[in-house]
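*Asks:* First, the structure itself, so that you have it in front of you.
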Amino acid sequence: QSVTLTLTVVERYQDADSQGLPVQREHRVSRTAEIRVHDSVKEIGDMARAFLIAFSEQVGTTETLKDFSRTCDGGAGYEDELFDVKKNLEQFTIRAYRVDQPAVTFAFAARPSCLPRPGINGDACAATFVRWEDTEISTGKEGIVEGTSYVSAVYEDSRWLLCHSGFEGRNLLTGLRVIR
């Protein structure tokens, strides 16, 4: 939401009137500025969770990537996510999922922003517990993975947009570490 702030500075001082007697005077200056106010934690968390739910429900690339910046990291973030979403749609059927509420942290201009997950650049990071139960389309093999999804966000053009994502967890059936 946009908010208009008004700041008034008042200088009070003593001066002399036309007969030379002391008199109190004041000088006032006012300026206004319009600012945009964000509940950044909620905005980023809601977008990250919506992305993970859309990814899990396999609704398609347009809906899944609607909150991603096309310019973050020179467009690499969007292109990487587009590739991952298409690969997920082509190779897996997600039978069940769990996406918890994200924990959002800020690291403006930090590279990377999603520690301990390296390589995920941005101004903020939403870390979310996720669990996917899926079936590999080509083999019919079932899998269960759970862990933390890291989704970074950037502040562009007076709004938050998502930039990159990554996943770090375990395959519960094999015990093997999974990094995406």
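Letters A, B, ... go to the chains of the structure tokens in the order shown; residues in each chain start at 1; ligands are counted from 1 in the same order.
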List as a list in words the protein and nucleic acid residues near Lys86 (chain A), meaning an atom at most 10 Å away when only C-alpha atoms are counted, but skip any in the same chain fewer than 5 places from it.

*Replies:*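 With the cut-off at 10 Å, the set is Phe55, Gln58, Gly60, Thr61, Glu81 and Gln91 of chain A.
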
*Asks:* Quick one: everything within 10 Å of Gly143 (chain A), counting only C-alpha atoms, minus sequence neighbours fewer than 5 positions away in the same chain. Send it as a list in words.

*Replies:*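 Skipping anything fewer than 5 positions along the chain leaves Phe92, Ile94, Arg95, Trp132, Glu133, Asp134, Thr135, Glu136, Asn171, Leu172, Leu173 and Thr174 of chain A.
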
*Asks:* Next, the residues of the selection above should be written as a short mmCIF file (atom, residue, chain, number, x, y, z; two decimals), in the first residue's frame with N, CA and C atoms.

*Replies:*
```cif
data_model
loop_
_atom_site.label_atom_id
_atom_site.label_comp_id
_atom_site.auth_asym_id
_atom_site.auth_seq_id
_atom_site.Cartn_x
_atom_site.Cartn_y
_atom_site.Cartn_z
N PHE A 92 7.44 -36.77 -13.50
CA PHE A 92 6.84 -37.24 -12.25
C PHE A 92 5.36 -36.93 -12.17
N ILE A 94 3.02 -36.24 -8.97
CA ILE A 94 3.04 -36.06 -7.52
C ILE A 94 1.69 -36.52 -6.97
N ARG A 95 1.75 -37.55 -6.14
CA ARG A 95 0.54 -38.16 -5.59
C ARG A 95 0.06 -37.44 -4.33
N TRP A 132 7.22 -34.64 -0.68
CA TRP A 132 6.56 -35.06 -1.91
C TRP A 132 6.53 -36.58 -1.99
N GLU A 133 5.36 -37.11 -2.32
CA GLU A 133 5.22 -38.52 -2.64
C GLU A 133 4.91 -38.55 -4.13
N ASP A 134 5.82 -39.15 -4.90
CA ASP A 134 5.66 -39.09 -6.35
C ASP A 134 5.86 -40.45 -7.00
N THR A 135 5.52 -40.47 -8.28
CA THR A 135 5.74 -41.66 -9.11
C THR A 135 6.50 -41.21 -10.34
N GLU A 136 7.61 -41.89 -10.64
CA GLU A 136 8.37 -41.60 -11.85
C GLU A 136 7.58 -42.15 -13.03
N ASN A 171 15.69 -38.86 0.44
CA ASN A 171 14.74 -39.83 -0.09
C ASN A 171 14.45 -40.78 1.06
N LEU A 172 13.22 -40.80 1.52
CA LEU A 172 12.88 -41.61 2.70
C LEU A 172 12.91 -43.11 2.42
N LEU A 173 12.83 -43.50 1.17
CA LEU A 173 12.87 -44.92 0.83
C LEU A 173 14.29 -45.46 0.74
N THR A 174 15.23 -44.63 0.25
CA THR A 174 16.61 -45.07 0.08
C THR A 174 17.55 -44.49 1.11
#
```

*Asks:* Select, from A:Glu156, A:Val10, A:Lys87, A:Leu82, the residue with the minimum atom-to-atom distance to Thr62 (chain A), counting only C-alpha atoms.

*Replies:*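 Between A:Glu156, A:Val10, A:Lys87, A:Leu82, the residue approaching Thr62 (chain A) most closely is A:Leu82.
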
*Asks:* Taking 6 positions as the minimum chain separation for residues in the same chain, which residues sit within 10 Å of Arg28 (chain A) when counting only C-alpha atoms? Answer as a ChimeraX atom specification.

*Replies:* /A:8-12

*Asks:* What's the 7 Å shell around region 41-49 of chain A, counting only C-alpha atoms, without same-chain residues fewer than 5 positions away, as a PDB file with C-alpha atoms, in the first residue's frame?

*Replies:*
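Contents of the output file out23.pdb:
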```pdb
ATOM      1  CA  ASP A  67       5.496 -14.591  -9.153  1.00  0.00           C
ATOM      2  CA  VAL A  99       4.164 -27.613   2.184  1.00  0.00           C
ATOM      3  CA  GLN A 101       4.698 -22.186   6.320  1.00  0.00           C
ATOM      4  CA  PRO A 102       8.016 -20.637   5.269  1.00  0.00           C
ATOM      5  CA  VAL A 104      11.646 -15.740   5.795  1.00  0.00           C
ATOM      6  CA  ALA A 126      11.931 -18.378   2.323  1.00  0.00           C
ATOM      7  CA  VAL A 151      13.096 -19.865  -2.481  1.00  0.00           C
ATOM      8  CA  ALA A 153      13.114 -13.205  -3.558  1.00  0.00           C
ATOM      9  CA  TRP A 160       8.781  -8.478  -4.204  1.00  0.00           C
TER      10      TRP A 160
END
```
